[in-house]
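> Dropping in start.csv, with CSV, C-alpha atoms and all ligand atoms.
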chain,number,residue,atom,x,y,z
A,550,MET,CA,-0.4,-10.5,14.3
A,551,SER,CA,-0.9,-13.7,16.3
A,552,GLY,CA,-4.2,-14.3,18.1
A,553,SER,CA,-2.8,-13.5,21.5
A,554,ALA,CA,-1.0,-10.4,20.3
A,555,SER,CA,-4.2,-9.1,18.6
A,556,LYS,CA,-6.2,-9.7,21.8
A,557,ASP,CA,-3.6,-8.0,23.8
A,558,ARG,CA,-3.7,-5.0,21.5
A,559,ALA,CA,-7.5,-5.0,21.6
A,560,ILE,CA,-7.4,-4.7,25.4
A,561,ARG,CA,-4.7,-2.1,25.8
A,562,ASP,CA,-5.0,-0.1,22.7
A,563,PRO,CA,-8.4,0.0,21.0
A,564,ASP,CA,-7.1,2.7,18.7
A,565,THR,CA,-10.3,4.6,18.8
A,566,GLY,CA,-9.6,8.2,17.9
A,567,SER,CA,-5.9,7.7,17.0
A,568,ALA,CA,-4.5,8.6,13.7
A,569,PRO,CA,-3.5,5.8,11.3
A,570,ARG,CA,0.2,4.8,11.4
A,571,HIS,CA,0.0,3.2,8.0
A,572,VAL,CA,-2.3,4.3,5.1
A,573,ALA,CA,-2.5,2.3,1.9
A,574,ILE,CA,-4.1,3.7,-1.2
A,575,ILE,CA,-5.6,2.0,-4.3
A,576,MET,CA,-5.3,4.9,-6.7
A,577,ASP,CA,-8.2,4.2,-9.0
A,578,GLY,CA,-10.1,6.3,-11.6
A,579,ASN,CA,-7.3,7.8,-13.8
A,580,GLY,CA,-8.9,6.4,-17.0
A,581,ARG,CA,-12.4,7.6,-16.2
A,582,TRP,CA,-11.1,11.0,-15.2
A,583,ALA,CA,-9.5,11.4,-18.7
A,584,THR,CA,-12.5,9.9,-20.6
A,585,GLN,CA,-14.9,12.2,-18.9
A,586,ARG,CA,-12.9,15.1,-20.3
A,587,GLY,CA,-12.4,13.6,-23.8
A,588,LEU,CA,-8.6,13.2,-23.0
A,589,PRO,CA,-6.4,10.2,-23.7
A,590,ARG,CA,-6.1,7.8,-20.7
A,591,LEU,CA,-2.4,8.7,-20.4
A,592,GLU,CA,-3.4,12.2,-19.4
A,593,GLY,CA,-5.4,10.7,-16.5
A,594,HIS,CA,-2.3,8.8,-15.4
A,595,ARG,CA,-0.2,11.9,-15.7
A,596,ARG,CA,-2.6,13.8,-13.5
A,597,GLY,CA,-2.6,10.7,-11.2
A,598,VAL,CA,1.1,11.3,-10.6
A,599,GLU,CA,0.4,14.8,-9.5
A,600,ALA,CA,-2.3,13.5,-7.1
A,601,LEU,CA,0.4,11.0,-5.8
A,602,ARG,CA,2.7,14.0,-5.1
A,603,ARG,CA,-0.1,15.7,-3.2
A,604,ALA,CA,-0.8,12.6,-1.2
A,605,VAL,CA,2.9,12.2,-0.2
A,606,ARG,CA,3.1,15.8,0.9
A,607,ALA,CA,0.0,15.5,2.9
A,608,ALA,CA,1.2,12.2,4.5
A,609,ILE,CA,4.4,14.0,5.5
A,610,ASP,CA,2.5,17.0,7.0
A,611,LEU,CA,0.1,14.7,8.8
A,612,LYS,CA,3.0,12.7,10.2
A,613,ILE,CA,1.8,9.4,8.9
A,614,GLY,CA,4.5,6.7,9.3
A,615,TYR,CA,3.8,4.6,6.2
A,616,LEU,CA,2.1,5.3,2.9
A,617,THR,CA,1.7,2.4,0.5
A,618,VAL,CA,0.4,3.1,-3.0
A,619,TYR,CA,-0.7,0.6,-5.6
A,620,SER,CA,1.1,1.9,-8.6
A,621,PHE,CA,1.1,-1.1,-11.0
A,622,SER,CA,-0.5,-4.5,-10.3
A,623,ALA,CA,0.8,-7.9,-11.5
A,624,GLU,CA,-2.4,-7.9,-13.6
A,625,ASN,CA,-1.8,-4.5,-15.2
A,626,TRP,CA,0.4,-6.1,-17.9
A,627,THR,CA,-2.8,-7.2,-19.6
A,628,ARG,CA,-3.6,-3.6,-20.5
A,629,PRO,CA,-2.9,-2.4,-24.1
A,630,PHE,CA,0.8,-2.2,-24.8
A,631,ASP,CA,0.8,1.6,-25.1
A,632,GLU,CA,-0.9,2.1,-21.8
A,633,VAL,CA,1.6,-0.3,-20.1
A,634,GLN,CA,4.5,1.6,-21.7
A,635,SER,CA,3.0,4.9,-20.5
A,636,LEU,CA,2.6,3.7,-16.9
A,637,LEU,CA,6.2,2.4,-16.9
A,638,GLY,CA,7.4,5.7,-18.4
A,639,LEU,CA,5.6,7.6,-15.6
A,640,LEU,CA,7.2,5.5,-12.9
A,641,HIS,CA,10.5,6.2,-14.6
A,642,LEU,CA,9.8,10.0,-14.6
A,643,PHE,CA,8.5,9.9,-11.0
A,644,ILE,CA,11.6,8.4,-9.7
A,645,ARG,CA,13.9,10.5,-11.9
A,646,ASN,CA,12.2,13.8,-11.1
A,647,ASP,CA,11.0,13.3,-7.5
A,648,LEU,CA,13.7,11.1,-5.8
A,649,ALA,CA,15.8,14.1,-4.8
A,650,GLU,CA,12.8,15.9,-3.3
A,651,LEU,CA,11.7,12.8,-1.5
A,652,ASN,CA,15.2,12.3,-0.2
A,653,ALA,CA,15.4,16.0,1.0
A,654,ASN,CA,12.1,15.4,2.8
A,655,ASN,CA,13.6,12.4,4.7
A,656,VAL,CA,11.2,10.0,2.9
A,657,ARG,CA,12.4,6.4,2.7
A,658,VAL,CA,11.2,4.6,-0.5
A,659,ARG,CA,10.4,0.9,-0.4
A,660,ILE,CA,9.3,-1.1,-3.3
A,661,ILE,CA,7.2,-4.3,-3.0
A,662,GLY,CA,6.3,-6.6,-5.9
A,663,GLU,CA,8.0,-9.1,-8.2
A,664,ARG,CA,11.3,-7.9,-9.5
A,665,GLN,CA,12.1,-10.9,-11.7
A,666,GLY,CA,11.4,-10.3,-15.4
A,667,LEU,CA,11.4,-6.5,-15.2
A,668,ALA,CA,13.4,-4.6,-17.8
A,669,PRO,CA,16.9,-3.9,-16.5
A,670,ASP,CA,16.4,-0.1,-16.5
A,671,ILE,CA,13.3,-0.3,-14.4
A,672,ALA,CA,14.8,-2.9,-12.0
A,673,GLN,CA,17.9,-0.6,-11.6
A,674,LEU,CA,15.6,2.4,-11.0
A,675,LEU,CA,13.8,0.6,-8.2
A,676,ILE,CA,17.1,-0.3,-6.6
A,677,GLU,CA,18.3,3.3,-6.8
A,678,ALA,CA,15.1,4.7,-5.2
A,679,GLU,CA,15.6,2.3,-2.3
A,680,SER,CA,19.3,2.7,-1.8
A,681,VAL,CA,19.4,6.5,-2.1
A,682,THR,CA,16.8,6.8,0.7
A,683,ILE,CA,17.7,3.9,2.8
A,684,ASN,CA,18.9,5.9,5.8
A,685,ASN,CA,15.9,8.3,5.9
A,686,THR,CA,13.8,8.2,9.0
A,687,GLY,CA,10.6,10.1,8.0
A,688,LEU,CA,7.7,8.8,6.0
A,689,VAL,CA,8.1,5.4,4.5
A,690,LEU,CA,6.7,5.5,1.0
A,691,VAL,CA,6.0,1.9,-0.1
A,692,VAL,CA,5.4,1.7,-3.8
A,693,ALA,CA,3.6,-1.5,-4.9
A,694,PHE,CA,4.9,-2.2,-8.4
A,695,ASN,CA,4.3,-5.4,-10.3
A,696,TYR,CA,2.6,-6.4,-7.1
A,697,GLY,CA,0.0,-9.1,-6.6
A,698,ALA,CA,-1.0,-10.3,-3.1
A,699,ARG,CA,-1.8,-13.8,-4.2
A,700,GLN,CA,1.6,-14.1,-5.9
A,701,GLU,CA,3.3,-12.7,-2.8
A,702,ILE,CA,1.5,-15.3,-0.6
A,703,ALA,CA,2.2,-18.1,-3.0
A,704,ALA,CA,5.9,-17.2,-3.1
A,705,ALA,CA,6.0,-17.1,0.7
A,706,ALA,CA,4.4,-20.6,0.8
A,707,ARG,CA,6.9,-21.9,-1.7
A,708,ARG,CA,9.8,-20.6,0.4
A,709,LEU,CA,8.4,-22.2,3.6
A,710,ALA,CA,7.7,-25.5,1.9
A,711,GLN,CA,11.3,-25.5,0.6
A,712,ARG,CA,12.6,-25.0,4.2
A,713,VAL,CA,10.4,-27.8,5.5
A,714,LYS,CA,11.6,-30.1,2.6
A,715,GLU,CA,15.2,-29.3,3.6
A,716,GLY,CA,14.5,-30.1,7.2
A,717,LYS,CA,15.2,-26.5,8.3
A,718,LEU,CA,11.7,-25.8,9.5
A,719,HIS,CA,9.1,-27.9,11.3
A,720,LEU,CA,5.7,-28.1,9.9
A,721,ASP,CA,4.1,-27.3,13.3
A,722,ASP,CA,6.1,-24.1,13.5
A,723,ILE,CA,4.3,-22.5,10.6
A,724,ASP,CA,1.8,-20.2,12.2
A,725,ALA,CA,0.5,-16.7,11.2
A,726,ASP,CA,3.6,-14.9,12.6
A,727,CYS,CA,5.9,-17.3,10.8
A,728,PHE,CA,4.0,-16.8,7.6
A,729,GLY,CA,3.8,-13.0,7.9
A,730,ALA,CA,7.6,-12.9,8.5
A,731,GLU,CA,8.0,-14.5,5.1
A,732,LEU,CA,6.2,-11.7,3.2
A,733,GLU,CA,8.0,-8.7,1.6
A,734,THR,CA,6.2,-6.5,4.1
A,735,ASN,CA,7.6,-8.3,7.2
A,736,ASP,CA,9.1,-5.1,8.6
A,737,ILE,CA,6.2,-2.9,7.8
A,738,PRO,CA,3.2,-2.7,10.1
A,739,ASP,CA,-0.1,-3.8,8.6
A,740,PRO,CA,-2.1,-1.0,7.1
A,741,ASP,CA,-4.6,0.6,9.5
A,742,LEU,CA,-6.5,2.3,6.8
A,743,ILE,CA,-7.0,1.4,3.1
A,744,ILE,CA,-8.4,4.0,0.9
A,745,ARG,CA,-9.7,3.3,-2.6
A,746,THR,CA,-10.8,6.1,-4.9
A,747,SER,CA,-13.3,6.1,-7.8
A,748,GLY,CA,-16.2,4.5,-6.0
A,749,GLU,CA,-15.1,0.9,-6.6
A,750,GLN,CA,-15.3,-1.2,-3.5
A,751,ARG,CA,-12.8,-4.1,-3.8
A,752,LEU,CA,-9.2,-5.0,-3.0
A,753,SER,CA,-8.1,-6.1,-6.4
A,754,ASN,CA,-5.3,-8.4,-5.2
A,755,PHE,CA,-3.8,-5.7,-2.9
A,756,LEU,CA,-2.3,-6.6,0.5
A,757,LEU,CA,-4.7,-9.5,1.1
A,758,TRP,CA,-2.8,-10.9,4.1
A,759,GLN,CA,-1.9,-7.5,5.6
A,760,ALA,CA,-5.5,-6.2,5.3
A,761,ALA,CA,-6.9,-8.7,7.8
A,762,TYR,CA,-7.8,-5.9,10.3
A,763,SER,CA,-7.6,-2.8,8.1
A,764,GLU,CA,-10.4,-0.3,8.0
A,765,PHE,CA,-11.6,0.6,4.5
A,766,VAL,CA,-12.7,3.9,3.2
A,767,PHE,CA,-14.1,4.1,-0.3
A,768,LEU,CA,-14.2,7.6,-1.8
A,769,PRO,CA,-16.2,8.6,-4.9
A,770,VAL,CA,-13.5,11.0,-6.1
A,771,LEU,CA,-11.4,9.9,-9.1
A,772,TRP,CA,-7.7,9.6,-8.3
A,773,PRO,CA,-6.5,12.6,-10.3
A,774,ASP,CA,-8.9,14.8,-8.1
A,775,PHE,CA,-7.7,13.3,-4.8
A,776,ASP,CA,-6.4,16.1,-2.7
A,777,ARG,CA,-5.4,17.0,0.9
A,778,ALA,CA,-9.1,17.5,1.9
A,779,ALA,CA,-10.1,14.1,0.5
A,780,PHE,CA,-7.2,12.6,2.4
A,781,ILE,CA,-8.1,14.3,5.6
A,782,SER,CA,-11.8,13.3,5.3
A,783,ALA,CA,-10.7,9.6,4.9
A,784,ILE,CA,-8.6,9.8,8.0
A,785,ALA,CA,-11.4,11.6,9.9
A,786,GLU,CA,-13.7,8.7,9.0
A,787,TYR,CA,-11.1,6.2,10.1
A,788,MET,CA,-10.7,7.9,13.4
A,789,HIS,CA,-14.4,7.4,14.1
A,790,ARG,CA,-14.2,3.6,13.6
A,791,ASP,CA,-14.2,1.2,16.5
A,792,ARG,CA,-11.3,-1.2,15.9
A,793,ARG,CA,-11.7,-4.4,17.9
A,794,TYR,CA,-9.3,-6.9,16.2
A,795,GLY,CA,-11.8,-9.6,17.1
A,796,GLY,CA,-11.7,-8.6,20.8
A,797,LEU,CA,-13.7,-6.0,22.8
A,798,THR,CA,-13.1,-2.3,23.0
A,799,ALA,CA,-12.1,-0.7,26.3
A,800,PRO,CA,-15.7,0.5,27.1
A,801,GLN,CA,-17.1,-2.9,26.4
A,802,LEU,CA,-14.5,-4.5,28.6
A,803,SER,CA,-15.1,-2.2,31.6
A,804,LYS,CA,-18.9,-2.8,31.3
A,805,LYS,CA,-18.1,-6.5,31.3
A,806,SER,CA,-15.8,-6.5,34.4
A,807,ALA,CA,-18.3,-4.3,36.3
A,808,SER,CA,-21.2,-6.7,35.7
B,1,LIG,C1,-6.0,3.0,-11.9
B,1,LIG,O1,-6.6,3.9,-12.8
B,1,LIG,C2,-4.6,3.4,-11.8
B,1,LIG,C3,-3.6,2.6,-12.2
B,1,LIG,C4,-3.7,1.3,-12.8
B,1,LIG,C5,-2.2,3.0,-12.0
B,1,LIG,C6,-1.9,4.1,-10.9
B,1,LIG,C7,-0.9,4.9,-11.4
B,1,LIG,C8,-0.7,6.2,-11.2
B,1,LIG,C9,-1.4,7.0,-10.2
B,1,LIG,C10,0.4,6.9,-11.9
B,1,LIG,C11,1.7,6.3,-12.0
B,1,LIG,C12,2.3,5.9,-10.6
B,1,LIG,C13,3.5,6.1,-10.3
B,1,LIG,C14,4.1,5.6,-9.0
B,1,LIG,C15,4.4,6.8,-11.2
B,1,LIG,P1,-7.4,3.2,-14.0
B,1,LIG,O2,-6.5,3.4,-15.2
B,1,LIG,O3,-7.7,1.8,-13.7
B,1,LIG,O4,-8.7,4.0,-14.1
B,1,LIG,P2,-10.1,3.6,-14.6
B,1,LIG,O5,-10.6,2.5,-13.7
B,1,LIG,O6,-10.9,4.8,-14.5
B,1,LIG,O7,-9.9,3.1,-16.0
Show me the file's structure as C-alpha cells.


Amino acid sequence: MSGSASKDRAIRDPDTGSAPRHVAIIMDGNGRWATQRGLPRLEGHRRGVEALRRAVRAAIDLKIGYLTVYSFSAENWTRPFDEVQSLLGLLHLFIRNDLAELNANNVRVRIIGERQGLAPDIAQLLIEAESVTINNTGLVLVVAFNYGARQEIAAAARRLAQRVKEGKLHLDDIDADCFGAELETNDIPDPDLIIRTSGEQRLSNFLLWQAAYSEFVFLPVLWPDFDRAAFISAIAEYMHRDRRYGGLTAPQLSKKSAS
C-alpha cells in the first residue's frame, strides 16, 4: 500500500473491531508435539494436517476471505531427508484427499513459492489444486510451499531490474506499489493477522513485505493442538488491536480537529 493509500485507510477505516479479511498462519510445533509424546516427528506432522483441516473449516465458518498457511519453507529442505520426504508425502495426500472437499466448499486454492526445481509429480499436483478450484468464490486458501520471502523479494527485484535494463521501465517509477505488484501475492490483500503457534515469536522468512502492517498473535499451543477455540481467541485478540497504519485512529483524529 502506498503512503497516501495507507493514510487514507487510516482515516476512513481504522479497522478497530472488524474481523480480519486475511489471516496467515505459521504452523509451528509439530515436532515438539510428537517428541513430548514419545512419537516420531512424522506423527506430529500428520496431526498437523488434521489441525490444518480444522483451521480451514473454521475459516470458512468465520467467513474469512483469505487463509495463508506456511506449509514448507525454502529452508525446510535442510531437514533430514526422511522428514522432507514425509512432508512432501503429506502435501501429496492432503491435495489428493482433500481437494474434492475443498472444491465442494467453494474454496479456491492458491500456491505461492518457488516452483522451479520441484519434482514433476509435486509440480503437477500444485497446478491441479489451483486449476480445479480456479472458479471458486469462497475462502481463498493460500498454501505457501517452497516459499521464502527474501527469495520472493529478490526475484521481484531481478524482474524489475531486467525491465529497466530493457528500457521498458523507468527507474523513478519503481515505488512500493510497483514493487508489490511484482510479487506473487499481487492480487491478494496483505495479511491483517499473522498467527504463529508453539510460542516462538519470529517471522522465519514468511511474507516479509506483506506483513508491513500485520498484527501478530503468538499462541503457546503447539500446531497439532490448534483448534477452533484457539483460532477464535487469536481473532478476538486481533479485534481489540488499534490499527493505525502509521496514521491516527478515528478518535485521535476527532480529538485533534476539535482542539
Ligand atoms: C513446523 O513444525 C511445521 C512445519 C515445518 C510444516 C508444517 C506442515 C504441516 C502442518 C503439515 C503438512 C502441510 C500440508 C499443507 C500438507 P516443526 O516441525 O518445525 O515443529 P518443531 O519446531 O516443534 O520441531

> Report as JSON lines: every residue of chain A with an atom at most 8 Å from ligand LIG 1 (chain B), its closest pair of atoms, and their distance in Å to one decimal, counting only C-alpha atoms and all ligand atoms, with rows sorted by chain and ascending residue number.


{"residue": "A:Ile575", "atom": "CA", "partner": "B:LIG1", "partner_atom": "C1", "distance": 7.7}
{"residue": "A:Met576", "atom": "CA", "partner": "B:LIG1", "partner_atom": "C2", "distance": 5.4}
{"residue": "A:Asp577", "atom": "CA", "partner": "B:LIG1", "partner_atom": "C1", "distance": 3.8}
{"residue": "A:Gly578", "atom": "CA", "partner": "B:LIG1", "partner_atom": "O6", "distance": 3.4}
{"residue": "A:Asn579", "atom": "CA", "partner": "B:LIG1", "partner_atom": "O4", "distance": 4.1}
{"residue": "A:Gly580", "atom": "CA", "partner": "B:LIG1", "partner_atom": "O6", "distance": 3.6}
{"residue": "A:Arg581", "atom": "CA", "partner": "B:LIG1", "partner_atom": "O6", "distance": 3.6}
{"residue": "A:Trp582", "atom": "CA", "partner": "B:LIG1", "partner_atom": "O6", "distance": 6.2}
{"residue": "A:Ala583", "atom": "CA", "partner": "B:LIG1", "partner_atom": "O6", "distance": 7.9}
{"residue": "A:Arg590", "atom": "CA", "partner": "B:LIG1", "partner_atom": "O2", "distance": 7.1}
{"residue": "A:Gly593", "atom": "CA", "partner": "B:LIG1", "partner_atom": "O2", "distance": 7.5}
{"residue": "A:His594", "atom": "CA", "partner": "B:LIG1", "partner_atom": "C10", "distance": 4.8}
{"residue": "A:Arg595", "atom": "CA", "partner": "B:LIG1", "partner_atom": "C10", "distance": 6.3}
{"residue": "A:Arg596", "atom": "CA", "partner": "B:LIG1", "partner_atom": "C9", "distance": 7.7}
{"residue": "A:Gly597", "atom": "CA", "partner": "B:LIG1", "partner_atom": "C9", "distance": 4.0}
{"residue": "A:Val598", "atom": "CA", "partner": "B:LIG1", "partner_atom": "C10", "distance": 4.6}
{"residue": "A:Ala600", "atom": "CA", "partner": "B:LIG1", "partner_atom": "C9", "distance": 7.3}
{"residue": "A:Leu601", "atom": "CA", "partner": "B:LIG1", "partner_atom": "C9", "distance": 6.2}
{"residue": "A:Val618", "atom": "CA", "partner": "B:LIG1", "partner_atom": "C14", "distance": 7.5}
{"residue": "A:Tyr619", "atom": "CA", "partner": "B:LIG1", "partner_atom": "C6", "distance": 6.5}
{"residue": "A:Ser620", "atom": "CA", "partner": "B:LIG1", "partner_atom": "C6", "distance": 4.4}
{"residue": "A:Phe621", "atom": "CA", "partner": "B:LIG1", "partner_atom": "C5", "distance": 5.4}
{"residue": "A:Ser622", "atom": "CA", "partner": "B:LIG1", "partner_atom": "C4", "distance": 7.1}
{"residue": "A:Asn625", "atom": "CA", "partner": "B:LIG1", "partner_atom": "C4", "distance": 6.6}
{"residue": "A:Leu636", "atom": "CA", "partner": "B:LIG1", "partner_atom": "C11", "distance": 5.6}
{"residue": "A:Leu637", "atom": "CA", "partner": "B:LIG1", "partner_atom": "C15", "distance": 7.4}
{"residue": "A:Gly638", "atom": "CA", "partner": "B:LIG1", "partner_atom": "C15", "distance": 7.9}
{"residue": "A:Leu639", "atom": "CA", "partner": "B:LIG1", "partner_atom": "C15", "distance": 4.6}
{"residue": "A:Leu640", "atom": "CA", "partner": "B:LIG1", "partner_atom": "C15", "distance": 3.5}
{"residue": "A:His641", "atom": "CA", "partner": "B:LIG1", "partner_atom": "C15", "distance": 7.0}
{"residue": "A:Leu642", "atom": "CA", "partner": "B:LIG1", "partner_atom": "C15", "distance": 7.1}
{"residue": "A:Phe643", "atom": "CA", "partner": "B:LIG1", "partner_atom": "C15", "distance": 5.1}
{"residue": "A:Ile644", "atom": "CA", "partner": "B:LIG1", "partner_atom": "C15", "distance": 7.5}
{"residue": "A:Val692", "atom": "CA", "partner": "B:LIG1", "partner_atom": "C14", "distance": 6.6}
{"residue": "A:Phe694", "atom": "CA", "partner": "B:LIG1", "partner_atom": "C14", "distance": 7.9}
{"residue": "A:Ser747", "atom": "CA", "partner": "B:LIG1", "partner_atom": "O6", "distance": 7.2}
{"residue": "A:Leu771", "atom": "CA", "partner": "B:LIG1", "partner_atom": "O6", "distance": 7.4}
{"residue": "A:Trp772", "atom": "CA", "partner": "B:LIG1", "partner_atom": "C9", "distance": 7.1}
{"residue": "A:Pro773", "atom": "CA", "partner": "B:LIG1", "partner_atom": "C9", "distance": 7.6}

> When you draw a straight line from CA of Ala779 in chain A to CA of Val689 in chain A, how long is it in Å?

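Separation of CA of Ala779 in chain A and CA of Val689 in chain A: 20.6 Å.
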
> One number please: CA of Ala693 in chain A to CA of Asp610 in chain A, in Å, one decimal.

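Interatomic distance here is 22.0 Å.
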
> One decimal, in Å: what's the spacing between CA of Arg657 in chain A and CA of Gly687 in chain A?

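Value for the CA of Arg657 in chain A-CA of Gly687 in chain A distance: 6.7 Å.
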
> Name all residues at most 12 Å from Glu679 in chain A (count only C-alpha atoms; drop same-chain ones fewer than 6 positions away) and give them as a PyMOL selection string.

chain A and resi 644+648+651-652+656-661+672-673+685+689-692

> Convert the current residue selection to file output with C-alpha atoms, as a compact mmCIF listing (two decimals), in the frame of the given file.


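out_15.txt, written as the output of this step:
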# COMPACT_ATOMS: atom_id res chain seq x y z
CA ILE A 644 11.60 8.40 -9.70
CA LEU A 648 13.70 11.10 -5.80
CA LEU A 651 11.70 12.80 -1.50
CA ASN A 652 15.20 12.30 -0.20
CA VAL A 656 11.20 10.00 2.90
CA ARG A 657 12.40 6.40 2.70
CA VAL A 658 11.20 4.60 -0.50
CA ARG A 659 10.40 0.90 -0.40
CA ILE A 660 9.30 -1.10 -3.30
CA ILE A 661 7.20 -4.30 -3.00
CA ALA A 672 14.80 -2.90 -12.00
CA GLN A 673 17.90 -0.60 -11.60
CA ASN A 685 15.90 8.30 5.90
CA VAL A 689 8.10 5.40 4.50
CA LEU A 690 6.70 5.50 1.00
CA VAL A 691 6.00 1.90 -0.10
CA VAL A 692 5.40 1.70 -3.80

> Would you please work out which residue, of A:Ala668, A:Ala678, A:Ala760, A:Leu732, is nearest to Ala703 in chain A when using all atoms listed in the file?

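Comparing A:Ala668, A:Ala678, A:Ala760, A:Leu732 against Ala703 in chain A, the winner is A:Leu732.
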
> When distances are computed from all atoms listed in the file, which of A:Ala730, A:Ile574, A:Leu591, A:Ala785 shows the smallest separation from Leu616 in chain A?

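Selected residue with least distance to Leu616 in chain A: A:Ile574.
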
> Point out the residue among A:Glu764, A:Glu731, A:Glu715, A:Glu701 with the least atom-to-atom distance to Arg790 in chain A, counting all atoms listed in the file.

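When distances to Arg790 in chain A are compared using all atoms listed in the file, the smallest one comes from A:Glu764.
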
> Since the input lacks some atoms of range 598-605 of chain A, please model all heavy atoms and print them as a PDB file, keeping the file's coordinate frame.


ATOM      1  N   VAL A 598      -0.176  11.073 -11.246  1.00  0.00           N
ATOM      2  CA  VAL A 598       1.100  11.300 -10.600  1.00  0.00           C
ATOM      3  C   VAL A 598       1.120  12.545  -9.766  1.00  0.00           C
ATOM      4  O   VAL A 598       1.664  12.589  -8.658  1.00  0.00           O
ATOM      5  CB  VAL A 598       2.283  11.283 -11.642  1.00  0.00           C
ATOM      6  CG1 VAL A 598       3.615  11.556 -10.959  1.00  0.00           C
ATOM      7  CG2 VAL A 598       2.347   9.965 -12.399  1.00  0.00           C
ATOM      8  N   GLU A 599       0.455  13.578 -10.296  1.00  0.00           N
ATOM      9  CA  GLU A 599       0.400  14.800  -9.500  1.00  0.00           C
ATOM     10  C   GLU A 599      -0.413  14.589  -8.206  1.00  0.00           C
ATOM     11  O   GLU A 599      -0.056  15.113  -7.151  1.00  0.00           O
ATOM     12  CB  GLU A 599      -0.318  15.930 -10.334  1.00  0.00           C
ATOM     13  CG  GLU A 599       0.601  16.449 -11.429  1.00  0.00           C
ATOM     14  CD  GLU A 599      -0.104  17.421 -12.365  1.00  0.00           C
ATOM     15  OE1 GLU A 599      -1.111  18.027 -11.972  1.00  0.00           O
ATOM     16  OE2 GLU A 599       0.371  17.553 -13.512  1.00  0.00           O
ATOM     17  N   ALA A 600      -1.480  13.785  -8.324  1.00  0.00           N
ATOM     18  CA  ALA A 600      -2.300  13.500  -7.100  1.00  0.00           C
ATOM     19  C   ALA A 600      -1.399  12.672  -6.123  1.00  0.00           C
ATOM     20  O   ALA A 600      -1.503  12.859  -4.901  1.00  0.00           O
ATOM     21  CB  ALA A 600      -3.512  12.682  -7.487  1.00  0.00           C
ATOM     22  N   LEU A 601      -0.552  11.821  -6.658  1.00  0.00           N
ATOM     23  CA  LEU A 601       0.400  11.000  -5.800  1.00  0.00           C
ATOM     24  C   LEU A 601       1.308  11.996  -5.050  1.00  0.00           C
ATOM     25  O   LEU A 601       1.541  11.840  -3.846  1.00  0.00           O
ATOM     26  CB  LEU A 601       1.131  10.030  -6.640  1.00  0.00           C
ATOM     27  CG  LEU A 601       2.241   9.256  -5.938  1.00  0.00           C
ATOM     28  CD1 LEU A 601       1.688   8.457  -4.760  1.00  0.00           C
ATOM     29  CD2 LEU A 601       2.949   8.315  -6.920  1.00  0.00           C
ATOM     30  N   ARG A 602       1.831  12.984  -5.775  1.00  0.00           N
ATOM     31  CA  ARG A 602       2.700  14.000  -5.100  1.00  0.00           C
ATOM     32  C   ARG A 602       1.986  14.672  -3.970  1.00  0.00           C
ATOM     33  O   ARG A 602       2.524  14.857  -2.887  1.00  0.00           O
ATOM     34  CB  ARG A 602       3.195  15.023  -6.122  1.00  0.00           C
ATOM     35  CG  ARG A 602       4.179  14.475  -7.110  1.00  0.00           C
ATOM     36  CD  ARG A 602       4.879  15.601  -7.868  1.00  0.00           C
ATOM     37  NE  ARG A 602       5.725  14.983  -8.872  1.00  0.00           N
ATOM     38  CZ  ARG A 602       5.445  14.936 -10.179  1.00  0.00           C
ATOM     39  NH1 ARG A 602       4.367  15.526 -10.661  1.00  0.00           N
ATOM     40  NH2 ARG A 602       6.263  14.322 -11.012  1.00  0.00           N
ATOM     41  N   ARG A 603       0.731  15.055  -4.239  1.00  0.00           N
ATOM     42  CA  ARG A 603      -0.100  15.700  -3.200  1.00  0.00           C
ATOM     43  C   ARG A 603      -0.254  14.792  -1.997  1.00  0.00           C
ATOM     44  O   ARG A 603      -0.167  15.225  -0.845  1.00  0.00           O
ATOM     45  CB  ARG A 603      -1.453  16.119  -3.726  1.00  0.00           C
ATOM     46  CG  ARG A 603      -1.468  17.288  -4.669  1.00  0.00           C
ATOM     47  CD  ARG A 603      -2.883  17.835  -4.822  1.00  0.00           C
ATOM     48  NE  ARG A 603      -3.788  16.942  -5.513  1.00  0.00           N
ATOM     49  CZ  ARG A 603      -3.929  16.852  -6.838  1.00  0.00           C
ATOM     50  NH1 ARG A 603      -3.205  17.625  -7.625  1.00  0.00           N
ATOM     51  NH2 ARG A 603      -4.802  16.020  -7.378  1.00  0.00           N
ATOM     52  N   ALA A 604      -0.523  13.529  -2.293  1.00  0.00           N
ATOM     53  CA  ALA A 604      -0.800  12.600  -1.200  1.00  0.00           C
ATOM     54  C   ALA A 604       0.488  12.388  -0.348  1.00  0.00           C
ATOM     55  O   ALA A 604       0.408  12.328   0.881  1.00  0.00           O
ATOM     56  CB  ALA A 604      -1.219  11.228  -1.781  1.00  0.00           C
ATOM     57  N   VAL A 605       1.647  12.353  -1.000  1.00  0.00           N
ATOM     58  CA  VAL A 605       2.900  12.200  -0.200  1.00  0.00           C
ATOM     59  C   VAL A 605       3.138  13.407   0.640  1.00  0.00           C
ATOM     60  O   VAL A 605       3.464  13.280   1.826  1.00  0.00           O
ATOM     61  CB  VAL A 605       4.095  11.934  -1.204  1.00  0.00           C
ATOM     62  CG1 VAL A 605       5.419  11.966  -0.456  1.00  0.00           C
ATOM     63  CG2 VAL A 605       3.936  10.597  -1.939  1.00  0.00           C
TER      64      VAL A 605
END
